[in-house]
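What follows is query-v6.cif (mmCIF, C-alpha atoms).
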```cif
data_upload
#
loop_
_atom_site.group_PDB
_atom_site.id
_atom_site.type_symbol
_atom_site.label_atom_id
_atom_site.label_comp_id
_atom_site.auth_asym_id
_atom_site.auth_seq_id
_atom_site.Cartn_x
_atom_site.Cartn_y
_atom_site.Cartn_z
ATOM 1 C CA MET A 1 0.000 0.000 0.000
ATOM 2 C CA ASP A 2 1.505 3.295 -1.052
ATOM 3 C CA THR A 3 1.223 5.988 1.626
ATOM 4 C CA ALA A 4 3.376 8.606 -0.071
ATOM 5 C CA THR A 5 0.257 10.651 -0.742
ATOM 6 C CA GLY A 6 -0.149 11.199 3.004
ATOM 7 C CA ASP A 7 -0.071 14.900 3.828
ATOM 8 C CA ARG A 8 3.016 16.021 5.774
ATOM 9 C CA ASP A 9 0.805 17.552 8.480
ATOM 10 C CA VAL A 10 -1.054 14.250 8.873
ATOM 11 C CA TRP A 11 2.202 12.409 9.473
ATOM 12 C CA ARG A 12 3.326 15.081 11.947
ATOM 13 C CA GLU A 13 0.019 14.842 13.810
ATOM 14 C CA LEU A 14 0.315 11.043 13.926
ATOM 15 C CA GLY A 15 3.847 11.430 15.276
ATOM 16 C CA ASP A 16 2.630 13.833 17.962
ATOM 17 C CA ILE A 17 -0.160 11.440 18.968
ATOM 18 C CA ALA A 18 2.320 8.554 19.161
ATOM 19 C CA PHE A 19 4.791 10.632 21.191
ATOM 20 C CA GLN A 20 2.083 11.755 23.633
ATOM 21 C CA ARG A 21 0.766 8.212 24.061
ATOM 22 C CA ARG A 22 4.217 6.731 24.729
ATOM 23 C CA THR A 23 5.094 9.433 27.246
ATOM 24 C CA GLN A 24 1.707 8.919 28.943
ATOM 25 C CA MET A 25 2.792 5.325 29.440
ATOM 26 C CA GLY A 26 6.005 6.597 31.047
ATOM 27 C CA LEU A 27 8.308 4.813 28.609
ATOM 28 C CA THR A 28 11.412 5.962 26.793
ATOM 29 C CA GLN A 29 11.690 5.119 23.103
ATOM 30 C CA GLU A 30 14.172 2.387 23.997
ATOM 31 C CA GLU A 31 11.900 0.827 26.627
ATOM 32 C CA PHE A 32 8.878 1.004 24.344
ATOM 33 C CA ALA A 33 10.744 -0.487 21.380
ATOM 34 C CA LYS A 34 11.959 -3.384 23.517
ATOM 35 C CA GLU A 35 8.476 -3.959 24.949
ATOM 36 C CA ILE A 36 6.748 -4.183 21.550
ATOM 37 C CA LYS A 37 9.721 -5.825 19.801
ATOM 38 C CA VAL A 38 10.522 -3.207 17.163
ATOM 39 C CA SER A 39 13.691 -1.193 16.615
ATOM 40 C CA VAL A 40 14.268 2.210 18.195
ATOM 41 C CA PRO A 41 14.594 3.780 14.692
ATOM 42 C CA THR A 42 11.086 2.457 13.927
ATOM 43 C CA ILE A 43 9.715 4.358 16.933
ATOM 44 C CA GLN A 44 11.784 7.435 16.050
ATOM 45 C CA ARG A 45 10.573 7.383 12.445
ATOM 46 C CA LEU A 46 6.903 7.304 13.465
ATOM 47 C CA GLU A 47 7.199 9.869 16.274
ATOM 48 C CA SER A 48 9.258 12.260 14.133
ATOM 49 C CA GLY A 49 6.301 12.735 11.791
ATOM 50 C CA ARG A 50 8.326 11.961 8.663
ATOM 51 C CA PRO A 51 6.124 10.654 5.849
ATOM 52 C CA GLN A 52 6.607 6.984 5.066
ATOM 53 C CA VAL A 53 6.571 5.816 1.476
ATOM 54 C CA ARG A 54 4.842 2.501 2.108
ATOM 55 C CA ARG A 55 3.173 0.505 4.814
ATOM 56 C CA SER A 56 5.693 -0.874 7.285
ATOM 57 C CA PRO A 57 5.483 -4.502 8.411
ATOM 58 C CA SER A 58 5.867 -3.209 11.989
ATOM 59 C CA TRP A 59 2.633 -1.172 11.913
ATOM 60 C CA PRO A 60 0.570 -3.913 13.628
ATOM 61 C CA GLN A 61 3.077 -4.022 16.513
ATOM 62 C CA LEU A 62 3.076 -0.218 16.733
ATOM 63 C CA GLU A 63 -0.725 -0.077 16.689
ATOM 64 C CA ALA A 64 -0.973 -2.676 19.456
ATOM 65 C CA GLY A 65 1.781 -1.013 21.501
ATOM 66 C CA TYR A 66 0.214 2.450 21.329
ATOM 67 C CA GLY A 67 -3.205 0.985 22.153
ATOM 68 C CA TRP A 68 -4.677 1.699 18.730
ATOM 69 C CA GLY A 69 -6.828 -0.750 16.810
ATOM 70 C CA PRO A 70 -5.639 -2.772 13.812
ATOM 71 C CA GLY A 71 -5.372 -0.592 10.713
ATOM 72 C CA PHE A 72 -5.375 2.671 12.681
ATOM 73 C CA ILE A 73 -2.232 4.076 11.044
ATOM 74 C CA SER A 74 -3.483 3.430 7.497
ATOM 75 C CA ASN A 75 -6.923 4.805 8.337
ATOM 76 C CA PHE A 76 -5.467 7.895 10.018
ATOM 77 C CA ILE A 77 -3.203 8.676 7.065
ATOM 78 C CA ALA A 78 -6.093 8.155 4.645
ATOM 79 C CA GLY A 79 -8.282 10.514 6.687
ATOM 80 C CA ARG A 80 -10.850 7.842 7.597
ATOM 81 C CA VAL A 81 -10.214 8.513 11.301
ATOM 82 C CA THR A 82 -8.949 11.773 12.722
ATOM 83 C CA THR A 83 -8.341 11.013 16.384
ATOM 84 C CA ALA A 84 -6.624 8.245 18.291
ATOM 85 C CA PRO A 85 -8.854 5.905 20.250
ATOM 86 C CA ARG A 86 -8.974 6.625 23.964
ATOM 87 C CA VAL A 87 -7.073 4.025 25.900
ATOM 88 C CA GLU A 88 -8.492 3.060 29.273
ATOM 89 C CA GLY A 89 -6.437 4.694 31.981
ATOM 90 C CA ALA A 90 -4.872 7.233 29.618
ATOM 91 C CA GLY A 91 -4.945 10.898 30.523
ATOM 92 C CA ARG A 92 -6.572 13.638 28.513
ATOM 93 C CA PHE A 93 -4.730 14.167 25.230
ATOM 94 C CA ILE A 94 -3.185 17.621 25.096
ATOM 95 C CA ARG A 95 -1.324 18.368 21.887
ATOM 96 C CA THR A 96 1.896 20.127 22.730
ATOM 97 C CA PRO A 97 5.183 20.517 20.867
ATOM 98 C CA ARG A 98 8.017 18.164 21.622
ATOM 99 C CA PRO A 99 10.397 19.690 24.166
ATOM 100 C CA ASP A 100 13.886 20.756 23.134
ATOM 101 C CA GLY A 101 15.024 21.804 26.598
ATOM 102 C CA ASP A 102 14.140 23.234 29.987
ATOM 103 C CA GLU A 103 12.426 26.315 28.616
ATOM 104 C CA ASP A 104 10.164 24.285 26.323
ATOM 105 C CA ILE A 105 9.101 22.121 29.254
ATOM 106 C CA ARG A 106 8.430 25.190 31.380
ATOM 107 C CA ASP A 107 6.408 26.802 28.561
ATOM 108 C CA ILE A 108 4.311 23.654 28.165
ATOM 109 C CA VAL A 109 3.588 23.525 31.901
ATOM 110 C CA ARG A 110 2.568 27.208 31.926
ATOM 111 C CA GLN A 111 0.290 26.696 28.909
ATOM 112 C CA ILE A 112 -1.433 23.689 30.453
ATOM 113 C CA LEU A 113 -1.870 25.311 33.865
ATOM 114 C CA GLY A 114 -2.997 28.566 32.283
ATOM 115 C CA GLN A 115 -5.667 26.725 30.300
ATOM 116 C CA TYR A 116 -6.828 24.106 32.805
ATOM 117 C CA ALA A 117 -5.953 25.614 36.197
ATOM 118 C CA PRO A 118 -5.987 29.410 35.804
ATOM 119 C CA ASP A 119 -6.045 30.018 39.585
ATOM 120 C CA THR A 120 -2.654 28.354 40.069
ATOM 121 C CA THR A 121 -0.231 30.537 42.032
ATOM 122 C CA ILE A 122 3.189 31.427 40.646
ATOM 123 C CA GLY A 123 4.807 29.304 43.364
ATOM 124 C CA GLU A 124 2.747 26.297 42.286
ATOM 125 C CA VAL A 125 3.668 26.957 38.648
ATOM 126 C CA LEU A 126 7.383 27.101 39.469
ATOM 127 C CA LYS A 127 7.152 23.878 41.472
ATOM 128 C CA ALA A 128 5.254 22.136 38.642
ATOM 129 C CA GLU A 129 7.862 23.360 36.139
ATOM 130 C CA GLU A 130 10.709 21.950 38.227
ATOM 131 C CA GLN A 131 8.961 18.614 38.606
ATOM 132 C CA ALA A 132 8.236 18.445 34.870
ATOM 133 C CA VAL A 133 11.846 19.266 33.921
ATOM 134 C CA GLU A 134 13.142 16.680 36.394
ATOM 135 C CA GLU A 135 10.755 14.033 35.011
ATOM 136 C CA ALA A 136 11.614 14.909 31.393
ATOM 137 C CA ARG A 137 15.308 14.451 32.190
ATOM 138 C CA ARG A 138 14.616 11.163 33.978
ATOM 139 C CA ARG A 139 12.752 9.849 30.921
ATOM 140 C CA GLY A 140 15.419 11.057 28.530
ATOM 141 C CA LEU A 141 13.158 13.587 26.792
ATOM 142 C CA ILE A 142 15.675 16.369 27.342
ATOM 143 C CA GLY A 143 19.376 16.139 28.043
ATOM 144 C CA PRO A 144 21.006 16.815 31.377
ATOM 145 C CA ASP A 145 23.053 19.632 29.857
ATOM 146 C CA THR A 146 20.142 21.982 29.077
ATOM 147 C CA GLN A 147 20.255 25.111 31.191
ATOM 148 C CA GLU A 148 17.504 27.082 32.842
ATOM 149 C CA LYS A 149 17.294 30.472 31.142
ATOM 150 C CA THR A 150 15.242 32.339 33.750
ATOM 151 C CA MET A 151 16.599 34.113 36.787
ATOM 152 C CA PRO A 152 15.568 32.558 40.117
ATOM 153 C CA ASN A 153 13.586 35.625 41.222
ATOM 154 C CA GLU A 154 12.063 36.378 37.821
ATOM 155 C CA ARG A 155 8.277 36.374 37.684
ATOM 156 C CA LEU A 156 6.934 34.057 34.995
ATOM 157 C CA PRO A 157 3.696 34.944 33.219
ATOM 158 C CA ILE A 158 0.975 32.338 32.824
ATOM 159 C CA PRO A 159 -0.436 32.576 29.296
#
```
Once more with this new file: its structure as C-alpha cells, please.
Amino acid sequence: MDTATGDRDVWRELGDIAFQRRTQMGLTQEEFAKEIKVSVPTIQRLESGRPQVRRSPSWPQLEAGYGWGPGFISNFIAGRVTTAPRVEGAGRFIRTPRPDGDEDIRDIVRQILGQYAPDTTIGEVLKAEEQAVEEARRRGLIGPDTQEKTMPNERLPIP
C-alpha cells in the first residue's frame, strides 16, 4: 500500500499522537521499542512525523503497543479517522510541541496550567515546572546539559 500521498501535516500529527501516548505510558523510546519488539529507529521514524513511502510490516506491533486498533495508522493517514482511540487509563490528550530543553518544558507547563488551572499561584507553577523538567530528564526527553534560562527571582507569566 503506497502511503506517499499522506499529507506532511497528517504524518506530523500522527507522530505527535504517538509521542504523547508513549510518554503517557512513562516509557522511553528504547523501553517502548523493547516492549513491543521493534527497533528504536522504527519508533523514532513514526514519532518524528516523517512521511513513510509505504506501509511498514511493523505497523501492527506499533498499533498494538500504542493501544490503537488494527489498521489505525493506514486509516489515520487516509483521513478515515482523525483522532486516536482513547485508551483506558490514559490521561486527557493535550497536543503540545516536543520539548527541546528546559524552557520548552516550562512553557508547556505554563500553557497547560494557564488553560486548565488558571487560579494556580506562581509558586505552584514554578514547582510544577521543576517537577516536569526533572521528570523529562529522567525519561530522557531532554538532556542533562540543558540550562535554565530564567533568573531565580524572575516572575513568569501564565499565558
Shell of 8 Å around Tyr66 of chain A, only C-alpha atoms, local chain residues under 5 positions omitted, as an NGL selection string: :A and (18 or 21-22)
Would you compute the box with edges along x, y and z of the file around segment 33-45 of chain A, including every atom the file lists for it and 6 Å extra on each side, and give its centre and edge lengths in Å to one decimal, as lines of an AutoDock Vina configuration file?
```
center_x = 10.7
center_y = 0.8
center_z = 18.7
size_x = 19.8
size_y = 25.3
size_z = 24.5
```
What would the selection look like, as a PyMOL selection string, if the PyMOL selection byres ((chain A and resi 68) around 12) were run on the coordinates I just shared? chain A and resi 14+17-18+21-22+59-67+69-76+81+83-88
With C-alpha atoms kept, could you save the residues just selected as a compact mmCIF listing (two decimals), keeping the file's coordinate frame?
```
# COMPACT_ATOMS: atom_id res chain seq x y z
CA LEU A 14 0.32 11.04 13.93
CA ILE A 17 -0.16 11.44 18.97
CA ALA A 18 2.32 8.55 19.16
CA ARG A 21 0.77 8.21 24.06
CA ARG A 22 4.22 6.73 24.73
CA TRP A 59 2.63 -1.17 11.91
CA PRO A 60 0.57 -3.91 13.63
CA GLN A 61 3.08 -4.02 16.51
CA LEU A 62 3.08 -0.22 16.73
CA GLU A 63 -0.72 -0.08 16.69
CA ALA A 64 -0.97 -2.68 19.46
CA GLY A 65 1.78 -1.01 21.50
CA TYR A 66 0.21 2.45 21.33
CA GLY A 67 -3.20 0.98 22.15
CA GLY A 69 -6.83 -0.75 16.81
CA PRO A 70 -5.64 -2.77 13.81
CA GLY A 71 -5.37 -0.59 10.71
CA PHE A 72 -5.38 2.67 12.68
CA ILE A 73 -2.23 4.08 11.04
CA SER A 74 -3.48 3.43 7.50
CA ASN A 75 -6.92 4.80 8.34
CA PHE A 76 -5.47 7.90 10.02
CA VAL A 81 -10.21 8.51 11.30
CA THR A 83 -8.34 11.01 16.38
CA ALA A 84 -6.62 8.24 18.29
CA PRO A 85 -8.85 5.90 20.25
CA ARG A 86 -8.97 6.62 23.96
CA VAL A 87 -7.07 4.03 25.90
CA GLU A 88 -8.49 3.06 29.27
```
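Take the candidates A:Val10, A:Thr23, A:Ala136, A:Ser58 and check each one against Val38 of chain A using only C-alpha atoms; the shortest distance goes to A:Ser58.
Put simply, the PyMOL selection byres ((chain A and resi 43-52) around 7) on this file hits Thr3, Ala4, Gly6, Arg8, Trp11, Arg12, Glu13, Leu14, Gly15, Asp16, Ala18, Phe19, Gln29, Ala33, Ser39, Val40, Pro41, Thr42, Val53 and Arg54 of chain A.
Selection check: the PyMOL selection byres ((chain A and resi 125) around 9) on the shown file gives Arg106, Val109, Arg110, Leu113, Thr120, Thr121, Ile122, Gly123, Glu124, Leu126, Lys127, Ala128, Glu129, Glu130, Leu156 and Ile158 of chain A.
Distance-wise, atom CA of Ala132 of chain A and atom CA of Glu35 of chain A end up 24.5 Å apart.
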Report as a PyMOL selection string all protein, DNA and RNA residues lying within 9 Å of Val133 of chain A, evaluated on only C-alpha atoms, omitting residues in the same chain fewer than 5 positions from it. chain A and resi 101-103+105-106+128+138+142
Pull C-alpha atoms from the residues just selected and write them as a tab-separated table (two decimals), keeping the file's coordinate frame.
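Ended up saving to selection20.tsv:
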```tsv
chain	number	residue	atom	x	y	z
A	101	GLY	CA	15.02	21.80	26.60
A	102	ASP	CA	14.14	23.23	29.99
A	103	GLU	CA	12.43	26.32	28.62
A	105	ILE	CA	9.10	22.12	29.25
A	106	ARG	CA	8.43	25.19	31.38
A	128	ALA	CA	5.25	22.14	38.64
A	138	ARG	CA	14.62	11.16	33.98
A	142	ILE	CA	15.68	16.37	27.34
```
